[in-house]
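This is target01.pdb. It holds PDB, C-alpha atoms.
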```pdb
MODEL        1
ATOM      1  CA  MET A  23     -17.818   6.694  32.479
ATOM      2  CA  THR A  24     -14.117   7.500  32.534
ATOM      3  CA  VAL A  25     -11.488   4.954  31.510
ATOM      4  CA  ARG A  26      -7.772   5.356  32.021
ATOM      5  CA  VAL A  27      -5.594   3.831  29.349
ATOM      6  CA  THR A  28      -1.954   3.891  28.345
ATOM      7  CA  VAL A  29      -1.021   5.131  24.884
ATOM      8  CA  VAL A  30       2.398   3.933  23.711
ATOM      9  CA  ASN A  31       4.394   5.721  21.055
ATOM     10  CA  THR A  32       6.002   2.775  19.234
ATOM     11  CA  LEU A  33       8.658   4.986  17.668
ATOM     12  CA  ASN A  34      10.355   5.725  20.986
ATOM     13  CA  SER A  35       8.542   3.389  23.427
ATOM     14  CA  SER A  36       7.456   6.307  25.574
ATOM     15  CA  SER A  37       3.930   6.273  26.936
ATOM     16  CA  ILE A  38       1.273   8.544  28.372
ATOM     17  CA  ARG A  39      -1.718   7.863  30.568
ATOM     18  CA  MET A  40      -4.939   9.214  29.153
ATOM     19  CA  GLU A  41      -8.353   9.663  30.725
ATOM     20  CA  LEU A  42     -11.160   9.134  28.258
ATOM     21  CA  GLU A  43     -14.902   9.615  28.405
ATOM     22  CA  SER A  44     -17.208   7.152  26.680
ATOM     23  CA  TYR A  45     -18.412   9.719  24.121
ATOM     24  CA  GLU A  46     -14.886  10.616  22.977
ATOM     25  CA  SER A  47     -13.573   9.121  19.773
ATOM     26  CA  VAL A  48     -10.451   7.439  18.435
ATOM     27  CA  GLU A  49      -9.733  10.644  16.546
ATOM     28  CA  ASP A  50      -9.595  12.468  19.905
ATOM     29  CA  ILE A  51      -6.954  10.017  21.166
ATOM     30  CA  ILE A  52      -4.853  10.471  18.026
ATOM     31  CA  ASP A  53      -5.068  14.265  18.221
ATOM     32  CA  THR A  54      -4.153  14.336  21.909
ATOM     33  CA  ALA A  55      -1.279  11.886  21.566
ATOM     34  CA  ALA A  56       0.097  13.621  18.474
ATOM     35  CA  GLU A  57      -0.068  16.960  20.268
ATOM     36  CA  TYR A  58       1.630  15.558  23.370
ATOM     37  CA  TRP A  59       4.533  14.135  21.370
ATOM     38  CA  GLY A  60       4.703  17.191  19.138
ATOM     39  CA  LYS A  61       3.929  15.243  15.989
ATOM     40  CA  ASP A  62       3.070  17.961  13.561
ATOM     41  CA  SER A  63       3.856  15.889  10.487
ATOM     42  CA  GLY A  64       3.376  12.304   9.454
ATOM     43  CA  ALA A  65       0.416   9.975   9.512
ATOM     44  CA  TYR A  66      -0.392   7.752  12.487
ATOM     45  CA  VAL A  67      -2.817   4.997  13.358
ATOM     46  CA  LEU A  68      -3.852   3.470  16.663
ATOM     47  CA  ARG A  69      -3.981  -0.241  17.325
ATOM     48  CA  LYS A  70      -5.443  -2.243  20.141
ATOM     49  CA  GLY A  71      -4.337  -5.835  19.989
ATOM     50  CA  SER A  72      -4.729  -7.112  16.432
ATOM     51  CA  LYS A  73      -7.097  -4.354  15.323
ATOM     52  CA  LEU A  74      -6.593  -0.870  13.972
ATOM     53  CA  LEU A  75      -8.977   1.571  15.569
ATOM     54  CA  CYS A  76     -11.310   3.444  13.270
ATOM     55  CA  LYS A  77     -11.442   7.225  13.683
ATOM     56  CA  SER A  78     -15.214   7.381  14.018
ATOM     57  CA  GLN A  79     -15.441   4.757  16.752
ATOM     58  CA  SER A  80     -16.247   6.008  20.218
ATOM     59  CA  ILE A  81     -14.487   4.826  23.367
ATOM     60  CA  ASP A  82     -17.649   2.894  24.208
ATOM     61  CA  GLU A  83     -17.665   1.095  20.864
ATOM     62  CA  ILE A  84     -14.110  -0.149  21.063
ATOM     63  CA  ASN A  85     -14.794  -1.499  24.514
ATOM     64  CA  LEU A  86     -11.849   0.187  26.201
ATOM     65  CA  ARG A  87     -11.258  -0.756  29.803
ATOM     66  CA  ASP A  88      -9.045   0.674  32.527
ATOM     67  CA  ASP A  89      -5.366  -0.079  31.945
ATOM     68  CA  ASP A  90      -5.799  -1.116  28.337
ATOM     69  CA  ILE A  91      -2.789  -0.389  26.166
ATOM     70  CA  ILE A  92      -3.178   1.390  22.845
ATOM     71  CA  GLU A  93      -0.237   1.706  20.491
ATOM     72  CA  MET A  94       0.297   4.633  18.172
ATOM     73  CA  ILE A  95       2.180   3.483  15.089
ATOM     74  CA  PRO A  96       3.496   5.543  12.191
ATOM     75  CA  ASP A  97       1.682   4.867   8.932
ATOM     76  CA  PRO A  98       4.108   4.787   5.978
ATOM     77  CA  GLU A  99       2.943   6.708   2.913
ATOM     78  CA  GLY A 100       6.037   6.760   0.705
ATOM     79  CA  GLY A 101       6.949   4.538  -2.182
ATOM     80  CA  SER A 102       8.835   6.418  -4.851
TER
ATOM     81  CA  MET B  30       7.551 -36.662 -20.068
ATOM     82  CA  ARG B  31      11.187 -36.946 -20.924
ATOM     83  CA  VAL B  32      13.854 -36.599 -18.279
ATOM     84  CA  ARG B  33      14.376 -32.925 -17.443
ATOM     85  CA  GLU B  34      11.549 -31.902 -19.762
ATOM     86  CA  TYR B  35      10.008 -29.969 -16.879
ATOM     87  CA  ASP B  36      12.961 -27.602 -16.922
ATOM     88  CA  SER B  37      11.882 -26.318 -20.324
ATOM     89  CA  ASP B  38       8.611 -24.930 -18.901
ATOM     90  CA  ARG B  39       9.232 -21.419 -17.642
ATOM     91  CA  PHE B  40       6.504 -21.699 -15.026
ATOM     92  CA  ASP B  41       7.045 -25.311 -14.000
ATOM     93  CA  ARG B  42       8.021 -24.457 -10.437
ATOM     94  CA  MET B  43       4.980 -22.237 -10.031
ATOM     95  CA  ARG B  44       2.686 -24.949 -11.399
ATOM     96  CA  ARG B  45       3.719 -27.073  -8.426
ATOM     97  CA  ILE B  46       1.695 -24.717  -6.219
ATOM     98  CA  ASP B  47      -1.615 -26.385  -6.908
ATOM     99  CA  TRP B  48      -3.949 -23.485  -6.106
ATOM    100  CA  LEU B  49      -2.108 -20.928  -8.251
ATOM    101  CA  ASP B  50      -4.115 -20.203 -11.404
ATOM    102  CA  ILE B  51      -1.273 -19.327 -13.747
ATOM    103  CA  ASP B  52      -3.533 -19.044 -16.795
ATOM    104  CA  ARG B  53      -5.775 -16.547 -15.007
ATOM    105  CA  ILE B  54      -2.769 -14.559 -13.788
ATOM    106  CA  HIS B  55      -1.379 -14.511 -17.327
ATOM    107  CA  GLY B  56      -4.722 -13.487 -18.803
ATOM    108  CA  SER B  57      -5.415 -10.703 -16.302
ATOM    109  CA  LYS B  58      -5.193  -7.016 -17.119
ATOM    110  CA  CYS B  59      -3.540  -5.090 -14.283
ATOM    111  CA  LEU B  60      -2.774  -1.442 -13.597
ATOM    112  CA  VAL B  61       0.303  -0.376 -11.631
ATOM    113  CA  VAL B  62      -0.032   3.206 -10.365
ATOM    114  CA  GLY B  63       3.395   4.679  -9.722
ATOM    115  CA  ALA B  64       6.648   3.799 -11.457
ATOM    116  CA  GLY B  65       9.074   4.652  -8.667
ATOM    117  CA  ALA B  66      10.761   2.254  -6.257
ATOM    118  CA  LEU B  67       7.662   0.183  -5.461
ATOM    119  CA  GLY B  68       6.450   0.317  -9.062
ATOM    120  CA  ASN B  69       9.769  -1.045 -10.354
ATOM    121  CA  GLU B  70       9.775  -3.935  -7.895
ATOM    122  CA  VAL B  71       6.102  -4.733  -8.411
ATOM    123  CA  VAL B  72       6.521  -4.861 -12.193
ATOM    124  CA  LYS B  73       9.645  -7.030 -11.833
ATOM    125  CA  CYS B  74       7.755  -9.557  -9.694
ATOM    126  CA  MET B  75       4.750  -9.449 -12.029
ATOM    127  CA  LEU B  76       6.854 -10.164 -15.102
ATOM    128  CA  LEU B  77       8.636 -13.084 -13.494
ATOM    129  CA  ALA B  78       5.353 -14.436 -12.117
ATOM    130  CA  GLY B  79       3.784 -14.487 -15.571
ATOM    131  CA  PHE B  80       1.374 -11.532 -15.541
ATOM    132  CA  GLY B  81       0.509 -11.037 -19.203
ATOM    133  CA  ASN B  82      -0.987  -7.559 -19.503
ATOM    134  CA  ILE B  83       0.334  -4.637 -17.458
ATOM    135  CA  SER B  84      -0.394  -0.916 -17.689
ATOM    136  CA  ILE B  85       1.886   1.360 -15.701
ATOM    137  CA  ALA B  86       0.963   4.947 -14.905
ATOM    138  CA  ASP B  87       3.282   7.721 -13.750
ATOM    139  CA  MET B  88       3.771  11.324 -14.784
ATOM    140  CA  ASP B  89       7.278  11.644 -13.320
ATOM    141  CA  LYS B  90      10.680  11.658 -14.951
ATOM    142  CA  ILE B  91      13.716   9.739 -13.720
ATOM    143  CA  VAL B  92      16.335  11.392 -11.504
ATOM    144  CA  ARG B  93      19.697   9.839 -10.675
ATOM    145  CA  SER B  94      18.821   9.142  -7.042
ATOM    146  CA  ASN B  95      16.116   6.720  -8.226
ATOM    147  CA  MET B  96      18.846   4.290  -9.288
ATOM    148  CA  SER B  97      19.522   2.969  -5.781
ATOM    149  CA  ARG B  98      16.191   1.149  -5.794
ATOM    150  CA  CYS B  99      14.757   1.008  -9.317
ATOM    151  CA  VAL B 100      15.802  -2.141 -11.134
ATOM    152  CA  PHE B 101      14.680  -0.982 -14.599
ATOM    153  CA  PHE B 102      16.461   2.381 -14.613
ATOM    154  CA  ARG B 103      20.013   2.864 -15.930
ATOM    155  CA  GLU B 104      22.621   5.582 -15.878
ATOM    156  CA  GLY B 105      21.697   7.904 -18.723
ATOM    157  CA  ASP B 106      17.938   7.493 -18.208
ATOM    158  CA  GLU B 107      17.690  10.795 -16.339
ATOM    159  CA  GLN B 108      14.799  12.986 -17.502
ATOM    160  CA  LYS B 109      13.128  10.128 -19.374
ATOM    161  CA  ASN B 110       9.566   9.225 -18.395
ATOM    162  CA  LYS B 111       9.576   6.527 -15.695
ATOM    163  CA  ALA B 112       6.593   4.641 -17.115
ATOM    164  CA  GLU B 113       8.068   4.522 -20.620
ATOM    165  CA  VAL B 114      11.473   3.310 -19.433
ATOM    166  CA  ILE B 115       9.911   0.526 -17.354
ATOM    167  CA  ALA B 116       7.777  -0.543 -20.326
ATOM    168  CA  GLU B 117      10.812  -0.665 -22.612
ATOM    169  CA  MET B 118      12.997  -2.563 -20.155
ATOM    170  CA  ALA B 119      10.181  -4.909 -19.210
ATOM    171  CA  HIS B 120       9.825  -5.872 -22.836
ATOM    172  CA  ASN B 121      13.465  -7.002 -22.817
ATOM    173  CA  LEU B 122      12.840  -9.156 -19.745
ATOM    174  CA  CYS B 123       9.548 -10.669 -20.921
ATOM    175  CA  PRO B 124       8.782  -9.940 -24.589
ATOM    176  CA  GLU B 125       5.528 -11.899 -24.428
ATOM    177  CA  THR B 126       4.033  -9.596 -21.776
ATOM    178  CA  LYS B 127       1.932  -6.696 -23.056
ATOM    179  CA  ILE B 128       3.039  -3.610 -21.143
ATOM    180  CA  ALA B 129       1.583  -0.167 -21.748
ATOM    181  CA  PRO B 130       3.014   3.045 -20.265
ATOM    182  CA  ILE B 131       0.596   5.812 -19.255
ATOM    183  CA  VAL B 132       2.391   9.132 -18.806
ATOM    184  CA  SER B 133      -0.152  11.214 -16.941
ATOM    185  CA  ARG B 134      -1.609  11.960 -13.539
ATOM    186  CA  ILE B 135      -3.729   9.103 -12.265
ATOM    187  CA  GLN B 136      -6.510  11.649 -11.767
ATOM    188  CA  ASP B 137      -6.666  11.997 -15.565
ATOM    189  CA  LEU B 138      -7.143   8.279 -16.237
ATOM    190  CA  GLU B 139     -10.608   7.581 -17.639
ATOM    191  CA  ASP B 140     -10.471   3.898 -18.587
ATOM    192  CA  TRP B 141     -10.672   1.713 -15.480
ATOM    193  CA  ASN B 142     -11.113  -1.571 -17.291
ATOM    194  CA  PHE B 143      -8.724  -3.638 -15.162
ATOM    195  CA  ASP B 144      -8.878  -6.872 -13.198
ATOM    196  CA  LEU B 145      -6.649  -5.564 -10.421
ATOM    197  CA  VAL B 146      -4.867  -2.352  -9.430
ATOM    198  CA  PHE B 147      -1.560  -1.944  -7.578
ATOM    199  CA  GLY B 148      -0.889   1.244  -5.607
ATOM    200  CA  CYS B 149       2.803   2.184  -5.648
ATOM    201  CA  LEU B 150       2.339   5.823  -4.803
ATOM    202  CA  ASP B 151       3.956   8.480  -2.658
ATOM    203  CA  ASN B 152       1.004  10.607  -1.648
ATOM    204  CA  ILE B 153      -2.285  10.231   0.146
ATOM    205  CA  SER B 154      -4.329  12.201  -2.356
ATOM    206  CA  ALA B 155      -3.502   9.852  -5.255
ATOM    207  CA  ARG B 156      -3.999   6.814  -3.015
ATOM    208  CA  LEU B 157      -7.477   7.982  -2.086
ATOM    209  CA  HIS B 158      -8.253   8.637  -5.753
ATOM    210  CA  VAL B 159      -7.203   5.119  -6.765
ATOM    211  CA  ASN B 160      -8.965   3.624  -3.739
ATOM    212  CA  SER B 161     -12.297   5.285  -4.553
ATOM    213  CA  HIS B 162     -12.128   4.461  -8.272
ATOM    214  CA  ALA B 163     -11.140   0.853  -7.678
ATOM    215  CA  ARG B 164     -13.945   0.542  -5.152
ATOM    216  CA  TYR B 165     -16.482   2.161  -7.480
ATOM    217  CA  HIS B 166     -15.545  -0.162 -10.349
ATOM    218  CA  GLY B 167     -15.330  -3.231  -8.101
ATOM    219  CA  ILE B 168     -11.649  -3.762  -8.856
ATOM    220  CA  PRO B 169      -9.422  -5.314  -6.159
ATOM    221  CA  TYR B 170      -6.773  -2.831  -5.045
ATOM    222  CA  VAL B 171      -3.458  -3.818  -3.447
ATOM    223  CA  ASP B 172      -1.693  -0.808  -1.978
ATOM    224  CA  GLY B 173       1.899  -0.637  -0.777
ATOM    225  CA  ALA B 174       3.784   2.053   1.121
ATOM    226  CA  THR B 175       7.227   2.446   2.688
ATOM    227  CA  ASP B 176       9.176   4.766   4.933
ATOM    228  CA  GLY B 177      12.792   3.742   5.355
ATOM    229  CA  PHE B 178      12.878   0.294   6.937
ATOM    230  CA  ARG B 179       9.147   0.300   7.646
ATOM    231  CA  GLY B 180       6.400  -0.530   5.212
ATOM    232  CA  LYS B 181       2.870  -1.799   4.829
ATOM    233  CA  ALA B 182       0.623  -3.462   2.290
ATOM    234  CA  GLN B 183      -3.169  -3.389   2.291
ATOM    235  CA  VAL B 184      -5.660  -5.454   0.344
ATOM    236  CA  VAL B 185      -8.905  -3.728  -0.607
ATOM    237  CA  LEU B 186     -11.617  -5.935  -2.057
ATOM    238  CA  ASP B 187     -15.086  -5.052  -3.339
ATOM    239  CA  SER B 188     -16.499  -5.568   0.132
ATOM    240  CA  GLY B 189     -15.004  -4.904   3.552
ATOM    241  CA  PRO B 190     -12.849  -1.981   4.628
ATOM    242  CA  CYS B 191     -11.135   0.220   2.066
ATOM    243  CA  LEU B 192      -7.979   2.296   2.318
ATOM    244  CA  GLU B 193      -9.835   5.352   3.579
ATOM    245  CA  CYS B 194     -11.420   3.338   6.429
ATOM    246  CA  GLY B 195      -7.938   3.024   7.978
ATOM    247  CA  MET B 196      -7.158   6.738   7.740
ATOM    248  CA  ASN B 197      -7.816   9.571  10.180
ATOM    249  CA  GLY B 198      -7.182  13.263  10.662
ATOM    250  CA  SER B 199      -3.403  12.840  10.642
ATOM    251  CA  HIS B 200      -3.648  11.567   7.064
ATOM    252  CA  MET B 201      -6.001  14.327   5.984
ATOM    253  CA  LYS B 202      -3.568  16.994   7.205
ATOM    254  CA  LEU B 203      -1.067  15.571   4.710
ATOM    255  CA  ILE B 204      -3.440  14.911   1.872
ATOM    256  CA  ASP B 205      -1.721  17.175  -0.609
ATOM    257  CA  GLU B 206       1.863  16.381   0.367
ATOM    258  CA  ARG B 207       4.071  14.101  -1.674
ATOM    259  CA  PHE B 208       6.149  11.681   0.377
ATOM    260  CA  SER B 209       8.722  11.442  -2.358
ATOM    261  CA  CYS B 210      12.331  10.976  -1.342
ATOM    262  CA  THR B 211      13.579  12.658  -4.506
ATOM    263  CA  GLY B 212      13.775  16.336  -5.321
ATOM    264  CA  GLY B 213      13.697  17.630  -8.879
ATOM    265  CA  GLY B 214      11.035  20.236  -8.304
ATOM    266  CA  THR B 215       8.582  17.988  -6.526
ATOM    267  CA  VAL B 216       7.143  19.006  -3.193
ATOM    268  CA  PHE B 217       8.093  16.578  -0.488
ATOM    269  CA  VAL B 218       7.115  17.198   3.092
ATOM    270  CA  PRO B 219       8.369  15.462   5.069
ATOM    271  CA  LYS B 220      11.389  14.186   3.173
ATOM    272  CA  LEU B 221      11.228  10.448   3.693
ATOM    273  CA  ALA B 222      13.844   7.772   3.568
ATOM    274  CA  SER B 223      13.551   4.979   1.034
ATOM    275  CA  GLU B 224      15.701   1.936   0.391
ATOM    276  CA  ILE B 225      15.542  -1.165  -1.723
ATOM    277  CA  THR B 226      15.245  -3.999   0.811
ATOM    278  CA  THR B 227      12.031  -2.694   2.373
ATOM    279  CA  THR B 228      10.750  -1.790  -1.079
ATOM    280  CA  SER B 229      11.388  -5.363  -2.263
ATOM    281  CA  VAL B 230       9.603  -6.900   0.712
ATOM    282  CA  ILE B 231       6.497  -4.737   0.336
ATOM    283  CA  ALA B 232       6.356  -5.096  -3.468
ATOM    284  CA  ALA B 233       6.674  -8.868  -3.183
ATOM    285  CA  ILE B 234       3.784  -8.954  -0.702
ATOM    286  CA  GLN B 235       1.664  -6.837  -3.040
ATOM    287  CA  VAL B 236       2.235  -9.167  -6.003
ATOM    288  CA  ARG B 237       1.687 -12.265  -3.892
ATOM    289  CA  GLU B 238      -1.664 -10.920  -2.675
ATOM    290  CA  ALA B 239      -2.620 -10.195  -6.287
ATOM    291  CA  MET B 240      -1.755 -13.775  -7.241
ATOM    292  CA  LYS B 241      -4.082 -15.026  -4.495
ATOM    293  CA  ILE B 242      -6.923 -12.771  -5.652
ATOM    294  CA  LEU B 243      -6.534 -13.652  -9.327
ATOM    295  CA  SER B 244      -6.320 -17.350  -8.459
ATOM    296  CA  GLY B 245      -9.698 -17.116  -6.726
ATOM    297  CA  ARG B 246      -8.204 -17.482  -3.262
ATOM    298  CA  ARG B 247      -9.360 -14.294  -1.544
ATOM    299  CA  ASP B 248      -9.720 -16.400   1.580
ATOM    300  CA  LEU B 249      -5.921 -16.461   1.818
ATOM    301  CA  CYS B 250      -5.497 -12.691   1.549
ATOM    302  CA  ILE B 251      -4.110 -10.412   4.237
ATOM    303  CA  ARG B 252      -6.877  -9.099   6.472
ATOM    304  CA  ASN B 253      -6.600  -6.232   6.097
ATOM    305  CA  VAL B 254      -3.186  -4.634   6.339
ATOM    306  CA  ILE B 255       0.283  -5.983   7.046
ATOM    307  CA  TYR B 256       2.878  -3.819   8.771
ATOM    308  CA  TYR B 257       6.559  -4.611   8.302
ATOM    309  CA  ASP B 258       9.383  -3.377  10.515
ATOM    310  CA  GLY B 259      12.734  -4.168   8.943
ATOM    311  CA  ILE B 260      14.716  -3.058  11.974
ATOM    312  CA  LEU B 261      12.930  -5.335  14.422
ATOM    313  CA  GLY B 262      12.381  -8.002  11.763
ATOM    314  CA  THR B 263       8.661  -8.158  12.487
ATOM    315  CA  MET B 264       5.599  -8.421  10.331
ATOM    316  CA  GLU B 265       2.053  -8.306  11.603
ATOM    317  CA  CYS B 266      -1.446  -8.368  10.119
ATOM    318  CA  LEU B 267      -4.012  -5.979  11.583
ATOM    319  CA  GLU B 268      -7.737  -5.980  11.018
ATOM    320  CA  ILE B 269      -9.390  -2.712   9.984
ATOM    321  CA  PRO B 270     -13.041  -2.131  10.843
ATOM    322  CA  GLU B 271     -15.240  -0.696   8.111
ATOM    323  CA  ASP B 272     -15.712   3.009   8.853
ATOM    324  CA  ARG B 273     -19.427   3.807   8.912
ATOM    325  CA  ASP B 274     -18.633   7.375   7.836
ATOM    326  CA  CYS B 275     -16.376   6.401   4.929
ATOM    327  CA  PRO B 276     -17.699   7.984   1.707
ATOM    328  CA  ASN B 277     -16.725   4.881  -0.293
ATOM    329  CA  HIS B 278     -19.227   2.779   1.630
ATOM    330  CA  LEU B 279     -22.182   5.107   1.586
ATOM    331  CA  SER B 280     -23.825   3.935  -1.660
ATOM    332  CA  GLY B 281     -26.479   1.320  -1.131
ATOM    333  CA  ARG B 282     -27.074   2.320   2.467
ATOM    334  CA  ASN B 283     -30.352   3.628   3.732
TER
ENDMDL
END
```
Could I get this structure in the form of structure tokens?
Amino acid sequence: MTVRVTVVNTLNSSSIRMELESYESVEDIIDTAAEYWGKDSGAYVLRKGSKLLCKSQSIDEINLRDDDIIEMIPDPEGGS
Amino acid sequence: MRVREYDSDRFDRMRRIDWLDIDRIHGSKCLVVGAGALGNEVVKCMLLAGFGNISIADMDKIVRSNMSRCVFFREGDEQKNKAEVIAEMAHNLCPETKIAPIVSRIQDLEDWNFDLVFGCLDNISARLHVNSHARYHGIPYVDGATDGFRGKAQVVLDSGPCLECGMNGSHMKLIDERFSCTGGGTVFVPKLASEITTTSVIAAIQVREAMKILSGRRDLCIRNVIYYDGILGTMECLEIPEDRDCPNHLSGRN
């Protein structure tokens, strides 16, 4: 089954609509979104509500529905 | 008690927090990995909070640009080992605290006999190393990270999700990069911003989570990661599911 969700880039508030199949994974969303926004460097995570999405989860497992909003947030890795 | 006698107890104000186990915090043996901006602030908070036995590991030397956010470094400390300078300065602040510098790569550390580990690192590879070793030895791990005015802190306990569970392919592409903001021959791609106010916030959260864990109050800990945005002034806890494919969770499974 296909679901259509909105992925929001929290760095610039821009968004894209994405069509996802139930067998696709969170990793697929990250790759597609990063490619769309030309993010060739930096680490990112996806959140839905109060949960981070795990890369191995499938669209089915995270119970995505039409018009759900997923946020892509930069993941800080510095500290020195 | 005589009038004002309570002011002679260094930890009197902390003792008023009834669930804090100050004796356990003082008696714990903790490892701080990384002696840069986060490492400085974490050690500062630990000393003032009464941690009694601290090891601090870092192979790097001080450069002048560290001084905008490293409370223990002084003009003239350039090219000295970060871990050794922190240990020396920490002794001045709290002579009763045992503090041991370890000048080496964390990958070379063999003795993991600690009650708790702090991650104050600038690269994913070292974070994953500390995460897997802490997990293997059953040591709670409190990791911190910053990028300019944004930061995060994650609590990793002996059960539940670990640091690697929250990572994905975008992290693995960067696994060998150092996110250092300083130069001096280090590789840093991308070159990240770093400043003291965000560093202080994240370091304070890390030490506070450690105080909860050591006081036996894991129920109060962040679940599982807290993201801080200093521009928007927001802070939010997010749950991380345990990744079924995470190599740190494979032992003991059928």
Enumerate, in order of chain and increasing residue number, the residues of chain B with an atom no farther than 6 Å from chain A, each with its shortest atom pair and distance in Å to one decimal, counting only C-alpha atoms, as CSV.
```
residue,atom,partner,partner_atom,distance
B:Gly65,CA,A:Ser102,CA,4.2
B:Ala66,CA,A:Ser102,CA,4.8
B:Leu67,CA,A:Gly101,CA,5.5
B:Cys149,CA,A:Gly101,CA,5.9
B:Leu150,CA,A:Gly101,CA,5.5
B:Asp151,CA,A:Gly100,CA,4.3
B:Ala174,CA,A:Glu99,CA,5.1
B:Thr175,CA,A:Gly100,CA,4.9
B:Asp176,CA,A:Pro98,CA,5.2
B:Gly180,CA,A:Pro98,CA,5.8
B:Asn197,CA,A:Lys77,CA,5.6
B:Ser199,CA,A:Ala65,CA,4.9
B:His200,CA,A:Ala65,CA,5.0
B:Phe208,CA,A:Gly100,CA,4.9
B:Ser209,CA,A:Ser102,CA,5.6
B:Leu267,CA,A:Ser72,CA,5.0
B:Glu268,CA,A:Lys73,CA,4.6
B:Ile269,CA,A:Leu74,CA,5.2
```
Here's the selection I'm unsure about, the PyMOL selection byres ((chain B and resi 71) around 12); applied to the file above, which residues does it give, as number ranges by chain? A: 101; B: 59-70, 72-78, 80, 83-85, 98-101, 115, 119, 146-150, 171-174, 228-239
Please report the interatomic distance between CA of Gly81 in chain B and CA of Tyr256 in chain B in Å with one decimal.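 Separating CA of Gly81 in chain B from CA of Tyr256 in chain B is a distance of 29.0 Å.
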Matched chain/residue IDs from the PyMOL selection byres ((chain B and resi 168) around 7), as a list in words: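 On this input, the PyMOL selection byres ((chain B and resi 168) around 7) captures Phe143, Asp144, Leu145, Val146, Ala163, Arg164, His166, Gly167, Pro169, Tyr170 and Asp187 of chain B.
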All file atoms of range 38-49 of chain B boxed axis-aligned, 4 Å per side, centre plus edges, as JSON:
```
{"center_x": 2.6, "center_y": -24.0, "center_z": -12.5, "size_x": 21.2, "size_y": 14.1, "size_z": 20.8}
```
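The gap separating CA of Ser94 in chain B from CA of Gly177 in chain B is 14.8 Å, in Å to one decimal.
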Taking the partial coordinates given, rebuild range 30-43 of chain A to contain N, CA and C atoms; return it as a JSON list (two decimals), in the coordinates of the input.
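Result written to selection38.json:
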```json
[["chain", "number", "residue", "atom", "x", "y", "z"],
["A", 30, "VAL", "N", 0.96, 4.12, 23.91],
["A", 30, "VAL", "CA", 2.40, 3.93, 23.71],
["A", 30, "VAL", "C", 2.79, 4.44, 22.34],
["A", 31, "ASN", "N", 3.82, 5.26, 22.31],
["A", 31, "ASN", "CA", 4.39, 5.72, 21.06],
["A", 31, "ASN", "C", 5.43, 4.68, 20.61],
["A", 32, "THR", "N", 5.12, 3.89, 19.59],
["A", 32, "THR", "CA", 6.00, 2.78, 19.23],
["A", 32, "THR", "C", 7.33, 3.24, 18.63],
["A", 33, "LEU", "N", 7.40, 4.50, 18.24],
["A", 33, "LEU", "CA", 8.66, 4.99, 17.67],
["A", 33, "LEU", "C", 9.74, 5.13, 18.72],
["A", 34, "ASN", "N", 9.33, 5.51, 19.95],
["A", 34, "ASN", "CA", 10.36, 5.72, 20.99],
["A", 34, "ASN", "C", 10.02, 5.00, 22.30],
["A", 35, "SER", "N", 8.97, 4.19, 22.26],
["A", 35, "SER", "CA", 8.54, 3.39, 23.43],
["A", 35, "SER", "C", 8.10, 4.22, 24.62],
["A", 36, "SER", "N", 7.96, 5.52, 24.45],
["A", 36, "SER", "CA", 7.46, 6.31, 25.57],
["A", 36, "SER", "C", 5.94, 6.16, 25.63],
["A", 37, "SER", "N", 5.38, 6.46, 26.80],
["A", 37, "SER", "CA", 3.93, 6.27, 26.94],
["A", 37, "SER", "C", 3.30, 7.40, 27.74],
["A", 38, "ILE", "N", 2.01, 7.58, 27.56],
["A", 38, "ILE", "CA", 1.27, 8.54, 28.37],
["A", 38, "ILE", "C", 0.00, 7.87, 28.89],
["A", 39, "ARG", "N", -0.44, 8.33, 30.04],
["A", 39, "ARG", "CA", -1.72, 7.86, 30.57],
["A", 39, "ARG", "C", -2.78, 8.85, 30.10],
["A", 40, "MET", "N", -3.90, 8.34, 29.67],
["A", 40, "MET", "CA", -4.94, 9.21, 29.15],
["A", 40, "MET", "C", -6.28, 8.86, 29.80],
["A", 41, "GLU", "N", -7.01, 9.88, 30.18],
["A", 41, "GLU", "CA", -8.35, 9.66, 30.72],
["A", 41, "GLU", "C", -9.35, 9.95, 29.62],
["A", 42, "LEU", "N", -10.24, 9.01, 29.38],
["A", 42, "LEU", "CA", -11.16, 9.13, 28.26],
["A", 42, "LEU", "C", -12.60, 8.97, 28.73],
["A", 43, "GLU", "N", -13.47, 9.76, 28.14],
["A", 43, "GLU", "CA", -14.90, 9.62, 28.40],
["A", 43, "GLU", "C", -15.52, 8.76, 27.30]]
```
